[in-house]
Each structure stands twice: as C-alpha cells, then as structure tokens.
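Colleague: Mind having a look at this structure? Questions to follow.
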Amino acid sequence: MADTADLPLIDHHCHGLMLSDLTDDEFRSLATESEWPAPDGIDALDSPFGLAVRAICAPLLDIERNAPIDTYLDRRRALGVDEVNRRLLDAAGTARYLVDTGFTASPVAGPAQMRAMTGAPADEILRLERVAEEIAPGTTAENFAARFGEALYARSHGTVGLKSIIAYRYGFDIAAQRPSQTEVRAAAGNWLRRGEQSRTYRLDDPVLLQHVLWEGVGLGLPIQLHVGYGDGDVQLFRADPSRLTKFLTATRTSGAQFMLLHCYPFVREAAILTQVFPHVYCDVGLVSHYLGPSSGVAIRQALEMAPFGKVLYSSDAYGLAEHYAVSALQWRRELGKLLDEWVADQWLSPADAERYAGMIAAGNAARVYCLHTDD
Amino acid sequence: MADTADLPLIDHHCHGLMLSDLTDDEFRSLATESEWPAPDGIDALDSPFGLAVRAICAPLLDIERNAPIDTYLDRRRALGVDEVNRRLLDAAGTARYLVDTGFTASPVAGPAQMRAMTGAPADEILRLERVAEEIAPGTTAENFAARFGEALYARSHGTVGLKSIIAYRYGFDIAAQRPSQTEVRAAAGNWLRRGEQSRTYRLDDPVLLQHVLWEGVGLGLPIQLHVGYGDGDVQLFRADPSRLTKFLTATRTSGAQFMLLHCYPFVREAAILTQVFPHVYCDVGLVSHYLGPSSGVAIRQALEMAPFGKVLYSSDAYGLAEHYAVSALQWRRELGKLLDEWVADQWLSPADAERYAGMIAAGNAARVYCLHTDD
Amino acid sequence: MADTADLPLIDHHCHGLMLSDLTDDEFRSLATESEWPAPDGIDALDSPFGLAVRAICAPLLDIERNAPIDTYLDRRRALGVDEVNRRLLDAAGTARYLVDTGFTASPVAGPAQMRAMTGAPADEILRLERVAEEIAPGTTAENFAARFGEALYARSHGTVGLKSIIAYRYGFDIAAQRPSQTEVRAAAGNWLRRGEQSRTYRLDDPVLLQHVLWEGVGLGLPIQLHVGYGDGDVQLFRADPSRLTKFLTATRTSGAQFMLLHCYPFVREAAILTQVFPHVYCDVGLVSHYLGPSSGVAIRQALEMAPFGKVLYSSDAYGLAEHYAVSALQWRRELGKLLDEWVADQWLSPADAERYAGMIAAGNAARVYCLHTDD
C-alpha cells in the first residue's frame, strides 16, 4: 500500500470549525450544501456523506461502525463538541490549514482558533469580495477603487492567498481584460446606492467582481477560485472553469496563480486547464467528503490528465469536524488505492508513487503558497 | 447479494408498449433515439442496447444467450407480440407503471391497456405541452390562458403527475419568474396564427412553454422534466438541468416537486440539484437500457452525491418490451452490485442497503406521487 | 483476451512525426497541449503521459520499465531520432495513417514521409482553414469565395478527408444554415483587410469559418471536426459537440459525414450524437496517450452508448513517436480489457467481440473513408 496514511497533509482550502455544540438540525444543515431542510419523509443524512459519517467517524467516537445516525448524534452530543472536534481532527491528521475566513453564515473558528485547537499551523486565505463589502459603507463611487485597493493591501498582510467567489456571484463568463476605471466608477456608484438603500452590501455586480479579482491579480498571491458544486446560489454551468480560458490567457504572465477549488462536476475541465496553463492548479475538495464512498471518483478524474505538480489536497470543510475527518481519510485512502493500482500495473515505481503522493498531499501547496515547514 | 432481484419496482416514468407485431425496421427504429435509419453498412443493433437484447432478452424467448440479432428478431416474430410482451414484462417484474401519454409518434398503449396487459396498476402522467396543443384549434390569443387552465384542470383529474418537455422544445434557459399575462397573450397570438396557417400546433414558443410549466406548478402535482439525452430535437447543452437553478429557486416553496428524468450525460449535475433543492428528484431512465452493459455507470453517478430519498427508478421505455425488461433487470442488477460493494467495504449494513434499495425502487416514488399500495 | 494486440489499426487522424533530434525542452513541449513551459519546480513529464512514456516506451528503447525520465531522454538522444521513430512506430503497429497536414507549428512529416518511414499507406486529410489562409494574399472580398472554392477543389484531389478547426477558432455555436454570399463577401473584406495590415492570415472570422465548412460539406468527403480538449486557444465549453445539433440536422442528407475527434471531456455527448445522427462518428484520440494509465476511461465512455459502427481509432499523435506508440498500445490494451470483461459477463460472444474490435480498429474507417486494402 502506498504510504498515504501518514502523509503530512496541507489542507490548502478549508473553513473554520464550529466550536459550539450543535442540535441535530444544525448538524443536518451543515451536512449538505442545501440552505433548506430536507422535505418531510427524507433524512438528509440518508446520503453518501451520512454513510461516511457512520462508517468512518462513528468508531472514532467509540461507537459501532455503521451505527444508526441517531445513535451517532446522541453520542456526539454526549461527548461534547470539544472532544468530538479533537478526536476527529486528530484522525484527519492534517499538518497545516489554510483557512478561508470569508464565509461567516455560521460562527466558525478563524485561523488562530484552528491553530489553538489543533496545534497545527493555520494561515488565512482572504476573500476578495468580503473586503469590498467591508469597506462599502461610507464609500463613494469616486473613492471605491482607492479605498478597496488600500484595504486589500492592508488586509492581505500576513495572508497566504486570496479567494474569489465570482463563480457564485456571477459566473465565469468574464472578459479577458480588466474593467476600465470609468466602468468601475459607474458600477460602484450603482452598487453602493443599492447597498445604502437595502443596508446590505452583497458584491454581485459583474464589473466590480472582475475589478476586485484583477486587484487580487496585482498582489501576486495565489488566488483560489470556487469552481462548480456549491449551494443553491451557484448556477453550475456558469461555474465551468473552461469559461475562464480567455481570462487565464490574459493573466498568464501576471504572476498570479489560480487554484481551482472542488471542480466537481467539472474536474476534467479543470485538469485540462492545469495542463495547458502554467499558472493553474486544481483540487477536488468538498466532494472529498460529500461523495462519501465514491469520493475516489473525483481524485481519479483529476489524475486522468493533470500533471502531478498541479494537484493539491483540500477538504473545503466547513463547521463539522466530520468534514475534515472524512475528507482527509477518504482522500488518503483513495489516492493510496489509485497509486497501488498503478504500481501493481507497473505504471510507476513505488518510489515514484511516494514522491507524487507527497507532492499532491503537501509539496505542491508548500511551493505555491511559499509555506516553510518551520513557520 | 443485496436483494434487489425481487424488489417491487415503481417505474415512475415510462411510455406505453407497442401492441402490434413489428417489422425488423420498426424494431430497429425503436431501438435507438435516432429518427433516421442507420447508414449503409451499419446495423443499429450492433450497439450496447443490441448486446443487452441478445444477452438478456434472448433467453427469455427461449433462444440462446448472445444469439445473432436476426435469430432474435425471427424468434420474436414467431412468438408474436403478445407472447413477447408478456414474457419480457413478466421478467421486468415492474409493480406499477406511471405512463406518459404525451408522445404518440407510434400507436402505443395507454395506462388502461398497460394495466390490462400486465395486471399491475398503471397511472397517467399528463404532458403539459400536449394539453396546449389539443386546445389550440379555435382558441384565440385572448382566451388561450383561460382555456388552457380549464383544460389542464380537467385533464389532470385522475393523473398522478405532469410532464414538461421544455428541454426539447426550447431548453432550460428560462427566466426565474413566470411570464406576464400580456406576454402570454402576445405569444399565444403569434403561435396560434402560425398554427392556423400550418395546420399543426407544436408548442415551441418559449413564453408559452414557460406559461404551461407555471400552470403545472400551480396544480401542486409532481412535474417530470425531460433532461439531457433524447432524440435529434434536443440540443444537449441546453438540456443541462443546472440551467434551471434560478427557476428552481423561484419554485422552492410552490408545492411543486420536480422529477429530473434520464439526466445523462448530466447525471452529476442532476444529483447535485437533488441535494441542494428540497423539491428536486432524479432518475437515470432511458440509459438504463441504452447503455446496455454499462448502464451501471449512470446509477453510480447519481449515487455519488444524491440523497437516497431523492433517487427514483424509471425505464423511460417506449414501445419495445425489451426496453422495460433490460431497464428493470439491469437496474436491479447494477444497483445490487453497487450496494454489495458498499456492504463489502463496510460503508453500510445489509439492512441499510435493503432499506435504501427499497426507497429507490419504490418508496420514494410512492411518497412523492402519493401512490397507495392498495390503489 | 480479445485479440486486439494484432489488429490492423487505421489511425484515421494523426499528424506527422518530427524527423529531427529533439532537445529535452522540445520533447517536453511536445509532451503536453500547453504552449508554454511548466513553471519552476514542476516537470511537465511528471504526468500521466510521462508515466506512459516511462512504462511503455522505455523498454522499447532497451531501458528499464519506469526508468527516470532523464534516463529515458538520454537514451532517446543516444539512439537518435530515426531509430527511436522506427522502434516506437513498429511497436504501434499502425497499418495506415490519415495525416492532417494543416498544423505546422513544428516541421513534421507529411504523408509521403510517413509512408517512406513506416512502409504503411499514408493519406492526406486537408485542413479547410489552411486552404483559405493560403489563398488569402492577393485575394479580394469579391473573388474570395470563387478562389477558395477552386483551391479547395484542386487541393482536395487525392485527399481522403477534410478537417475543420472551427472549435478552436470560434466554437460550435454556429447557425444551422450556410452564410449568404453577401455575408461572406463582407466578412472576407474585413478579414482580408486585417490580414493585409498584420501580414498574417489566421482564419478566425465566424462567417468565413462557416463558409469554408459548408464548402467542405459540398465536396462529400468525410469532415473531421476537432472537439473538446486541445491547446489554450480552445474554450472547452464552446467545443461541446452538442452545440452542433442544428448544424448536424441541417447537413443530415448532404452526403457529408462528420468525424468528431478526441471529444474528451465531451465523449458522452459525442457518443450520443453518433447514435442519433446517421452521418456522425467519433473517436477518443489525443487522450489515448495523454491520459496514460487512465486512457481506458475515454474508450469506455464512448462505448457506453455509441453504435459499434460509429467509433474509430485515432491517435492524434503530433511529432513524438511516443504519441503513436502509447496511443496504439494503450488503445489496444484497453479496448481488449473492456471486451474481455464483456465476454466474461456474457454480454457478447468472443466472435462478436472480435468482429466489433475489427470494426472499431479499421473497418469503420475503411468504409467511411473508402480506403481499399490494396491502396
């Protein structure tokens, strides 16, 4: 067996853990990408992810593998969230977390808390749209660009990467070139006016989404892009990364590197882009836990085509310790199985298998994000 | 082996059987989604479905497994259509049929005839577009909406669900909101005028297609949507169900439930939608027979992500008894194999495997369509 | 084992070999679809194709299976390009080459040189866009259509097929009907003016791309269409062959036959089109080598649905002898494995397996391109 069980793993894209005890409803709500409860007669945990929780996490909480979900939830509550988080994150064995701090629908841990809880280094990934939303109140069309630029520069200090959710807010049908100052000023005027009236600033204007992305390009940090599967806000077909082709061509020599996140069901499209564009990388996070028994499918699709220096590990875990554990353990197991098959068929030597596993597990992330092991 | 061989099966979407003997050309024509014969030098039954007929159906007609297709067709003719239909539908073992009565290119059986032939309950699924086409002659722009509404209400009495083929006629790029009365009136005027001139009424106007769909939403019955693969009328990329995202958001609390049919090659997109939207379900009909040896691929794709309460069985059989038999037998076999693998890998207990198989085979359909076992 | 190892193989779409020795950088550049070198820290041959070279080709050059890539490249250089080409093409065992002569970024062999080198027949596939680009200098808006028509007629003499790269240059969102003479004249005027100014003629005008495609339709030769995966010029989603549906409907009785090339990641879409349209065929070239260990995936996807009379073999090899060898050997091996599985599961008899393998390997190509074995 390719020794993936003890690989140091850099989770280059996750969110924070929930640190409070959860009701069963809250657990179920965090166990899908849906924003709404399942209809009557359906348990959201009668699902591939539910199977994974009962198969992988139950024994880690000292109950029987495949225990009924209610037994699992009872046991979880009895142990308390701290103990559950500790056990499941220990099992995940993640060596370092890069934490996207931009999604705060639930009160999840930030990098410092993740570090405190796990003892592992945890760095921040800064969400571009959030910076714009934060500086919006009091900003004018005239000073939006300047204020955003200053805030981004200040906020990005100490972060290791940026993230854009333009796939959610608009889709990837964007121009190759950055919007002009005039366009940005006009768009900012409209957006700020709308925000003032509704008292909420949700960055969904396509010109401004492109502007903040281009400002991110200017910083030279790796930029994570949500791709494909997510909640009901995303129109999947518009989140196909191949729609970025002209933008990727335009940014090839910019110094920015693009990290395509999740990618399902466009894993093959993403892998092709990693081969064609020097500054494009991909992972198969999120479905690493949501596919449960089938999560190997996504790994296999990525490795049909992608160069081994272009694939990273992430969990995209959010809130539930089960996300981190299932993602990490399934990813190790399924990558190990694939490499074992390749070794058995003499596609590569065991030493190469180990080398590639190490690159995908941590080496590529360390190189791209400039993470030093003694940080 | 997960006991899927004797599961009661509700086929929640099929068409009627052909009740007359078929020439070889007619058989071949019903053995693909093509509207045209294969070119010279090619036998349309040198195909995955052809293999399935020769492997699965031949022994049911007392000839050798893998017999040449001409032997099969000769034997089929010798036995006569009634005997062939009886044998193959017995082998399918379907417990209940929901019959779409809207596609009448060939003279196929309706629900009453299906009931008479098989002894199993058979209910009607009403096609929305057909209702509009039926009331069109003599209708005016002014009274179209009212006449359609009345006809739909009357015709839907006793049916268990509705169906829309907007994917064929226009695609899924539709607005989130229903068209206005003014828009409907204008569109009806144009469409009726065209129909009067050509003396055929084929509902292909996007406003009217949306209008009849929204009228269906108002009835609160499950609405089947053709998705993906079909005949040469469908532009596949426009039949990607993720293009419905905004429409699905808009109808979430409407009381309507959407049944995504077939879904290939968008099975993963469909499965994602079933997780995200409470009122969305899917199946992998049609390719359950057309993929022949590979039909398990579609089942596996659906069950990568979809909650087990959201997946249904259908055959989308049309005309040929072979469609019903291959779909049902392959679906049982391939679902059984997948569940067996999961049990062997301890992803779930045999009891859970049986429970989920039962939900997918019949329980989900019974719940969504409100089918009572003593109907 | 289905006897695919010795099947005569018609490679219905490839480019020519490089006949000169290559530097390591040149080799790496030909070992991906990228137009740019890999970034620092990444070896482009740490990839599925790199594994295939080291596993399949290394022993053919008398070095150890899985030898390090540098060892391989040293050995390749030591043997010299002629010997390497000879050995690897011998191993491929291709019986006939249809050579696309339109892509000349590197100085690759033409059909005559391929014939000379391999002793196998080699025919020309003529690229439509190139003919237009060749006649552009000195042409006017008024005589473009006439001059192109004459040149195409003259140049197509002795060729066995045509090729269009409209997927690269524009995408498949084209009208069902051919552009009018007026539209062509206007488009030619603009395009020729631009070309005169820039002194390069790159056919990228959508009207002219459609015009030359329709002129190809008029010749009645098979027309190869690049589909899906390629270099950074292609926007994948616009190269989805289902976007051609209306064009395919419009050309169904034209006498033209369309050969969908490569198709990844739209293999399922392509296979559906081969079932639905009598004049549509597909292959899974290019990924036959670039997927390395996983290249069977594409073959399996095609054969989920496609009639066996509609699938062809191609390598899409370009320059590197390794492309031809990996494609041919992997394709034989993976088709053989699939057929063996089907035989083992009694989906078909060994005789049928052999018959279908022969059709896909050479029979279908011979029929569609009217290739006579004594040519």
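Residue numbers start at 1 in each chain; chains themselves are named A, B, ... in the order of the structure tokens; ligands are numbered from 1 in the order shown.
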For the structure I just gave you, how does DSSP split segment 87-212 of chain B - specifically, which residues are strand (DSSP E)? Reply as a ChimeraX atom specification.

Modeller: /B:94-100,122-127,161-164

Colleague: Distance cut-off 6 Å, counting only C-alpha atoms - which residues of chain A neighbour chain B? Return them as a count of residues only.

Modeller: 14

Colleague: Have a look at A:Asp173, A:Asp205, A:Asp231, A:Glu215 and name the one nearest to Thr251 of chain A; count only C-alpha atoms.

Modeller: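 Counting only C-alpha atoms, the residue closest to Thr251 of chain A is A:Glu215.
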
Colleague: Considering only C-alpha atoms, return as a ChimeraX atom specification whatever protein or nucleic-acid residues lie within 8 Å of segment 192-200 of chain C, sequence-local ones (same chain, fewer than 4 positions apart) excluded.

Modeller: /C:136-137,139-141,188

Colleague: Please identify all polymer residues within 9 Å of Ile135 of chain A, counting only C-alpha atoms, omitting same-chain residues fewer than 4 positions from it, and present them as JSON, numbers by chain.

Modeller: {"A": [130, 131, 139, 144, 147, 148, 151]}

Colleague: Take the residues that were just selected and, keeping N, CA, C and O atoms, output them as a compact mmCIF listing (two decimals), in the first residue's frame.

Modeller:
```
# COMPACT_ATOMS: atom_id res chain seq x y z
N ARG A 130 -15.35 39.98 0.23
CA ARG A 130 -15.63 40.41 1.60
C ARG A 130 -14.93 41.74 1.91
O ARG A 130 -15.48 42.59 2.61
N VAL A 131 -13.73 41.87 1.41
CA VAL A 131 -13.02 43.14 1.63
C VAL A 131 -13.83 44.30 1.04
O VAL A 131 -14.02 45.34 1.67
N THR A 139 -18.36 54.54 1.57
CA THR A 139 -17.53 54.68 0.37
C THR A 139 -18.36 55.32 -0.75
O THR A 139 -19.57 55.17 -0.79
N PHE A 144 -14.18 54.44 -4.28
CA PHE A 144 -14.27 52.99 -4.10
C PHE A 144 -12.98 52.27 -4.48
O PHE A 144 -12.43 51.48 -3.71
N ARG A 147 -10.13 53.10 -2.02
CA ARG A 147 -10.35 52.51 -0.70
C ARG A 147 -10.24 50.99 -0.72
O ARG A 147 -9.70 50.38 0.18
N PHE A 148 -10.78 50.38 -1.78
CA PHE A 148 -10.65 48.92 -1.88
C PHE A 148 -9.19 48.52 -1.98
O PHE A 148 -8.73 47.58 -1.32
N ALA A 151 -7.51 48.83 1.36
CA ALA A 151 -7.98 47.82 2.31
C ALA A 151 -7.43 46.45 1.95
O ALA A 151 -7.01 45.67 2.82
```

Colleague: Here is a test: counting only C-alpha atoms, which residue of C:Gly220, C:Asp24, C:Asp62, C:Asp123 is nearest to Ala44 of chain C?

Modeller: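 Distance minimum relative to Ala44 of chain C lands on C:Asp24.
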
Colleague: For the atom pair atom CA of Asp21 of chain C and atom CA of Lys163 of chain C, what is the interatomic distance in Å to one decimal place?

Modeller: 28.8 Å

Colleague: When you look at Arg155 of chain B with a cut-off of 10 Å (counting only C-alpha atoms), what residues show up, excluding the ones that are within fewer than 2 positions of it in the same chain? I need them as a ChimeraX atom specification.

Modeller: /B:126-128,131,149-153,157-159

Colleague: Quote the spacing between atom CA of Ile174 of chain B and atom CA of Gln210 of chain A in Å to one decimal place.

Modeller: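 Interatomic distance here is 25.5 Å.
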
Colleague: For Gly80 of chain A, please output as number ranges by chain all residues within 9 Å (counting only C-alpha atoms; exclusion window: fewer than 5 positions along the same chain).

Modeller: A: 20-21, 75, 85
